[in-house]
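So this block is model39.txt, compact mmCIF, C-alpha atoms and all ligand atoms:
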# COMPACT_ATOMS: atom_id res chain seq x y z
CA MET A 13 0.00 0.00 0.00
CA SER A 14 1.36 3.46 -0.87
CA ALA A 15 2.27 5.96 1.86
CA ALA A 16 -0.60 8.20 0.75
CA ARG A 17 -3.11 5.36 1.13
CA LYS A 18 -1.79 4.54 4.60
CA GLN A 19 -2.05 8.12 5.85
CA LYS A 20 -4.17 8.39 8.98
CA SER A 21 -7.35 10.40 8.51
CA ILE A 22 -8.17 13.23 10.85
CA ALA A 23 -11.91 13.89 10.82
CA LEU A 24 -13.49 17.22 11.67
CA PHE A 25 -17.24 17.56 12.27
CA PRO A 26 -18.04 21.27 11.95
CA ALA A 27 -21.42 22.66 12.97
CA SER A 28 -22.94 25.47 14.95
CA PHE A 29 -24.46 23.17 17.63
CA ASP A 30 -26.95 25.82 18.72
CA PRO A 31 -27.54 23.70 20.79
CA VAL A 32 -26.19 20.14 20.42
CA THR A 33 -28.96 17.55 19.91
CA ASN A 34 -29.07 13.75 20.15
CA GLY A 35 -28.84 13.77 16.33
CA HIS A 36 -25.48 15.57 16.40
CA ARG A 37 -24.32 13.28 19.21
CA ASP A 38 -25.20 10.23 17.15
CA ILE A 39 -23.15 11.48 14.17
CA ILE A 40 -20.17 12.36 16.41
CA VAL A 41 -20.07 8.91 18.03
CA ARG A 42 -20.54 7.08 14.71
CA ALA A 43 -17.77 9.17 13.09
CA ARG A 44 -15.49 8.44 16.05
CA ASN A 45 -16.23 4.73 15.62
CA VAL A 46 -15.07 4.92 12.00
CA PHE A 47 -12.03 7.19 12.40
CA GLY A 48 -10.95 6.42 15.97
CA GLU A 49 -10.89 10.11 16.72
CA VAL A 50 -13.07 13.02 15.71
CA ILE A 51 -12.62 16.73 16.24
CA VAL A 52 -15.90 18.48 16.92
CA GLY A 53 -15.57 22.06 15.66
CA VAL A 54 -18.01 24.64 16.93
CA ALA A 55 -18.57 27.22 14.23
CA THR A 56 -19.98 30.70 14.27
CA ASN A 57 -22.53 30.83 11.46
CA VAL A 58 -22.69 34.38 10.09
CA GLY A 59 -26.01 33.67 8.36
CA LYS A 60 -27.85 32.57 11.51
CA ASP A 61 -28.92 34.37 14.66
CA GLU A 62 -27.35 32.50 17.53
CA THR A 63 -29.40 31.52 20.56
CA PHE A 64 -26.41 30.41 22.64
CA SER A 65 -23.01 32.10 22.75
CA LEU A 66 -19.96 30.23 21.51
CA ASP A 67 -18.89 29.59 25.12
CA GLU A 68 -22.30 28.22 26.02
CA ARG A 69 -22.35 25.92 22.98
CA LEU A 70 -18.85 24.64 23.80
CA GLU A 71 -19.78 24.12 27.44
CA MET A 72 -22.90 22.09 26.56
CA LEU A 73 -20.99 19.91 24.11
CA ARG A 74 -18.22 19.29 26.62
CA SER A 75 -20.70 18.32 29.27
CA VAL A 76 -22.69 16.05 26.92
CA ILE A 77 -19.87 14.27 25.12
CA GLY A 78 -16.53 15.70 26.25
CA ASN A 79 -15.61 12.68 28.37
CA GLU A 80 -16.00 10.15 25.56
CA PRO A 81 -12.70 8.72 24.29
CA GLY A 82 -11.52 9.93 20.88
CA ILE A 83 -13.64 13.07 20.85
CA ARG A 84 -12.07 16.54 20.97
CA ILE A 85 -14.17 19.67 21.15
CA THR A 86 -12.90 23.03 20.00
CA ALA A 87 -14.05 26.35 18.57
CA ILE A 88 -13.49 26.98 14.86
CA ASN A 89 -11.69 30.22 14.15
CA GLY A 90 -12.34 31.57 10.67
CA LEU A 91 -13.33 29.48 7.69
CA THR A 92 -13.86 25.77 8.30
CA VAL A 93 -11.55 24.75 5.45
CA ASP A 94 -8.75 26.97 6.77
CA PHE A 95 -9.25 25.52 10.21
CA ALA A 96 -9.16 21.98 8.74
CA ARG A 97 -5.84 22.86 7.10
CA GLU A 98 -4.41 24.14 10.42
CA LEU A 99 -5.40 20.89 12.14
CA ASP A 100 -4.25 18.71 9.23
CA ALA A 101 -7.80 17.38 9.08
CA ASN A 102 -8.34 15.71 5.70
CA VAL A 103 -11.96 14.65 6.23
CA LEU A 104 -14.98 16.84 6.93
CA ILE A 105 -18.01 15.00 8.29
CA ARG A 106 -21.54 16.26 7.70
CA GLY A 107 -24.88 14.67 8.50
CA LEU A 108 -27.72 14.23 6.02
CA ARG A 109 -31.27 14.08 7.25
CA MET A 110 -33.90 14.68 4.59
CA MET A 111 -33.38 15.34 0.89
CA SER A 112 -33.94 18.98 1.82
CA ASP A 113 -30.47 18.99 3.49
CA PHE A 114 -28.91 17.77 0.29
CA GLU A 115 -28.92 20.89 -1.86
CA TYR A 116 -27.43 23.10 0.85
CA GLU A 117 -24.87 20.47 1.87
CA PHE A 118 -23.88 19.67 -1.72
CA GLU A 119 -23.28 23.32 -2.59
CA MET A 120 -21.27 23.86 0.59
CA ALA A 121 -19.25 20.67 0.04
CA LEU A 122 -18.33 21.74 -3.50
CA MET A 123 -17.24 25.17 -2.32
CA ASN A 124 -15.22 23.70 0.55
CA ARG A 125 -13.49 21.28 -1.78
CA HIS A 126 -12.75 24.10 -4.19
CA LEU A 127 -11.20 26.12 -1.34
CA ASN A 128 -9.25 23.16 0.03
CA PRO A 129 -8.89 20.27 -2.45
CA GLN A 130 -7.01 18.26 0.18
CA VAL A 131 -10.15 17.82 2.20
CA GLU A 132 -12.66 15.03 1.51
CA ILE A 133 -16.24 15.66 2.57
CA LEU A 134 -18.06 12.60 3.89
CA PHE A 135 -21.78 12.45 4.61
CA MET A 136 -23.28 10.19 7.23
CA MET A 137 -26.97 9.42 7.01
CA ALA A 138 -28.94 10.43 10.06
CA SER A 139 -30.24 7.57 12.15
CA HIS A 140 -33.95 7.18 11.47
CA GLU A 141 -34.98 8.29 14.96
CA TYR A 142 -33.17 11.64 14.49
CA MET A 143 -34.11 12.26 10.87
CA TYR A 144 -36.46 15.11 11.76
CA VAL A 145 -34.48 16.57 14.68
CA SER A 146 -32.93 19.99 14.16
CA SER A 147 -31.77 22.60 16.67
CA SER A 148 -34.06 25.21 15.13
CA ARG A 149 -37.19 23.00 15.25
CA LEU A 150 -36.46 22.12 18.89
CA LYS A 151 -36.11 25.81 19.79
CA GLU A 152 -39.49 26.45 18.23
CA LEU A 153 -41.07 23.64 20.27
CA VAL A 154 -39.52 24.85 23.53
CA SER A 155 -40.65 28.42 22.95
CA PHE A 156 -44.22 27.07 22.74
CA GLY A 157 -43.77 25.14 25.99
CA THR A 158 -43.40 21.67 24.42
CA SER A 159 -40.97 19.19 25.97
CA VAL A 160 -37.96 18.19 23.86
CA ASP A 161 -36.56 15.78 26.45
CA GLU A 162 -36.53 12.87 24.00
CA PHE A 163 -34.36 14.77 21.49
CA VAL A 164 -31.64 16.39 23.61
CA PRO A 165 -29.67 15.52 26.74
CA LYS A 166 -31.33 16.65 29.99
CA MET A 167 -28.96 19.55 30.63
CA VAL A 168 -29.55 20.91 27.12
CA ALA A 169 -33.32 20.74 27.60
CA GLU A 170 -32.94 22.70 30.83
CA ARG A 171 -30.70 25.30 29.21
CA LEU A 172 -33.16 25.71 26.32
CA THR A 173 -36.08 26.26 28.68
CA ARG A 174 -34.12 28.78 30.73
CA LYS A 175 -32.96 30.65 27.64
CA LEU A 176 -36.22 30.69 25.69
CA CYS A 177 -38.83 30.70 28.43
CA GLY A 178 -36.88 32.61 31.09
CA ASP A 179 -37.32 29.99 33.86
P1 LIG A 201 -25.03 24.33 10.70
O1 LIG A 201 -25.50 25.66 11.21
O2 LIG A 201 -23.56 24.17 10.59
O3 LIG A 201 -25.82 23.81 9.52
P2 LIG A 201 -26.35 22.37 12.32
O4 LIG A 201 -26.07 22.14 13.75
O5 LIG A 201 -27.74 22.75 11.93
O6 LIG A 201 -25.31 23.43 11.92
O7 LIG A 201 -25.99 21.09 11.45
C1 LIG A 201 -24.66 20.72 11.24
C2 LIG A 201 -24.54 19.36 10.64
O8 LIG A 201 -25.13 18.43 11.51
C3 LIG A 201 -25.24 19.25 9.29
O9 LIG A 201 -24.44 18.43 8.45
C4 LIG A 201 -26.51 18.56 9.64
O10 LIG A 201 -27.03 17.80 8.57
C5 LIG A 201 -26.08 17.67 10.80
N1 LIG A 201 -27.19 17.37 11.65
C6 LIG A 201 -27.95 18.23 12.35
N2 LIG A 201 -28.94 17.58 13.00
C7 LIG A 201 -28.80 16.25 12.68
C8 LIG A 201 -29.52 15.06 12.99
N3 LIG A 201 -30.61 15.10 13.73
N4 LIG A 201 -29.06 13.89 12.51
C9 LIG A 201 -27.97 13.86 11.70
N5 LIG A 201 -27.26 14.95 11.34
C10 LIG A 201 -27.66 16.12 11.82
Could I get this file's structure written as structure tokens?
Amino acid sequence: MSAARKQKSIALFPASFDPVTNGHRDIIVRARNVFGEVIVGVATNVGKDETFSLDERLEMLRSVIGNEPGIRITAINGLTVDFARELDANVLIRGLRMMSDFEYEFEMALMNRHLNPQVEILFMMASHEYMYVSSSRLKELVSFGTSVDEFVPKMVAERLTRKLCGD
């Protein structure tokens, strides 16, 4: 096998995690099981209003999954592809839920590969029980007083209620 083929892959899962859900957690653990180690990069998405600050999003992720072996959590500074280059990450992991994710993800993957041809973008299909779980939908439910306990870890559900309902 050539040296290039033997090269160890470093996988980065970039997302805004506003907040982390069981769907994100599932992708992180499954990616770690494939690559041995996964870097979870918390991004600041300029196109989205953030509910939780970067520090809050990092803190929730660390509390939910930070103690698992092979999982590193860090903030992404700047563009994801530049950050991947700094870390020597050659794989970007993204999750795919419905077909509606596809167009957005495909366009972003093509741009990322154009910006950094060294990086390979891999998609993992959402597990069926998390197919319809998104941070934004859960925030909507919480703001109308609906429980999201089955979709997020307990501490995240509490933080969402405190943030969106003020108690
Ligand atoms: P971003 O703002 O970066 O799109 P998200 O947190 O909404 O951040 O999603 C980031 C990535 O996580 C996307 O690839 C998305 O498809 C994936 N993802 C989000 N929720 C789920 C889920 N329930 N199951 C699988 N993948 C998911």
Next item on the list: Using only C-alpha atoms and all ligand atoms, find each residue with an atom at most 9 Å away from ligand LIG 201 (chain A) and format the answer as a PyMOL selection string.
Entry: chain A and resi 25-39+54-57+59-60+105-110+113-114+116-117+135-148+163
Can you write just those residues out, C-alpha atoms, as a short mmCIF file (atom, residue, chain, number, x, y, z; two decimals), keeping the file's coordinate frame?
data_model
loop_
_atom_site.label_atom_id
_atom_site.label_comp_id
_atom_site.auth_asym_id
_atom_site.auth_seq_id
_atom_site.Cartn_x
_atom_site.Cartn_y
_atom_site.Cartn_z
CA PHE A 25 -17.24 17.56 12.27
CA PRO A 26 -18.04 21.27 11.95
CA ALA A 27 -21.42 22.66 12.97
CA SER A 28 -22.94 25.47 14.95
CA PHE A 29 -24.46 23.17 17.63
CA ASP A 30 -26.95 25.82 18.72
CA PRO A 31 -27.54 23.70 20.79
CA VAL A 32 -26.19 20.14 20.42
CA THR A 33 -28.96 17.55 19.91
CA ASN A 34 -29.07 13.75 20.15
CA GLY A 35 -28.84 13.77 16.33
CA HIS A 36 -25.48 15.57 16.40
CA ARG A 37 -24.32 13.28 19.21
CA ASP A 38 -25.20 10.23 17.15
CA ILE A 39 -23.15 11.48 14.17
CA VAL A 54 -18.01 24.64 16.93
CA ALA A 55 -18.57 27.22 14.23
CA THR A 56 -19.98 30.70 14.27
CA ASN A 57 -22.53 30.83 11.46
CA GLY A 59 -26.01 33.67 8.36
CA LYS A 60 -27.85 32.57 11.51
CA ILE A 105 -18.01 15.00 8.29
CA ARG A 106 -21.54 16.26 7.70
CA GLY A 107 -24.88 14.67 8.50
CA LEU A 108 -27.72 14.23 6.02
CA ARG A 109 -31.27 14.08 7.25
CA MET A 110 -33.90 14.68 4.59
CA ASP A 113 -30.47 18.99 3.49
CA PHE A 114 -28.91 17.77 0.29
CA TYR A 116 -27.43 23.10 0.85
CA GLU A 117 -24.87 20.47 1.87
CA PHE A 135 -21.78 12.45 4.61
CA MET A 136 -23.28 10.19 7.23
CA MET A 137 -26.97 9.42 7.01
CA ALA A 138 -28.94 10.43 10.06
CA SER A 139 -30.24 7.57 12.15
CA HIS A 140 -33.95 7.18 11.47
CA GLU A 141 -34.98 8.29 14.96
CA TYR A 142 -33.17 11.64 14.49
CA MET A 143 -34.11 12.26 10.87
CA TYR A 144 -36.46 15.11 11.76
CA VAL A 145 -34.48 16.57 14.68
CA SER A 146 -32.93 19.99 14.16
CA SER A 147 -31.77 22.60 16.67
CA SER A 148 -34.06 25.21 15.13
CA PHE A 163 -34.36 14.77 21.49
#
Determine, counting all atoms listed in the file, which protein, DNA and RNA residues have an atom within 9 Å of an atom of Leu24 in chain A; residues of the same chain fewer than 6 positions away are not included. Present the result as a compact mmCIF listing (two decimals) with C-alpha atoms, in the frame of the given file.
# COMPACT_ATOMS: atom_id res chain seq x y z
CA VAL A 50 -13.07 13.02 15.71
CA ILE A 51 -12.62 16.73 16.24
CA VAL A 52 -15.90 18.48 16.92
CA GLY A 53 -15.57 22.06 15.66
CA ALA A 96 -9.16 21.98 8.74
CA LEU A 99 -5.40 20.89 12.14
CA ALA A 101 -7.80 17.38 9.08
CA ASN A 102 -8.34 15.71 5.70
CA VAL A 103 -11.96 14.65 6.23
CA LEU A 104 -14.98 16.84 6.93
CA ILE A 105 -18.01 15.00 8.29
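CA of Arg171 in chain A lies 13.5 Å from CA of Gly157 in chain A.
Counting from CA of Val46 in chain A, the distance to CA of Arg74 in chain A is 20.7 Å.
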Notebook entry, point to check: So, counting all atoms listed in the file, which residue among A:Ser112, A:Ala43, A:Leu172, A:Val58 is closest to Val160 in chain A?
Noted result: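 Of the candidates, the smallest distance to Val160 in chain A is held by A:Leu172.
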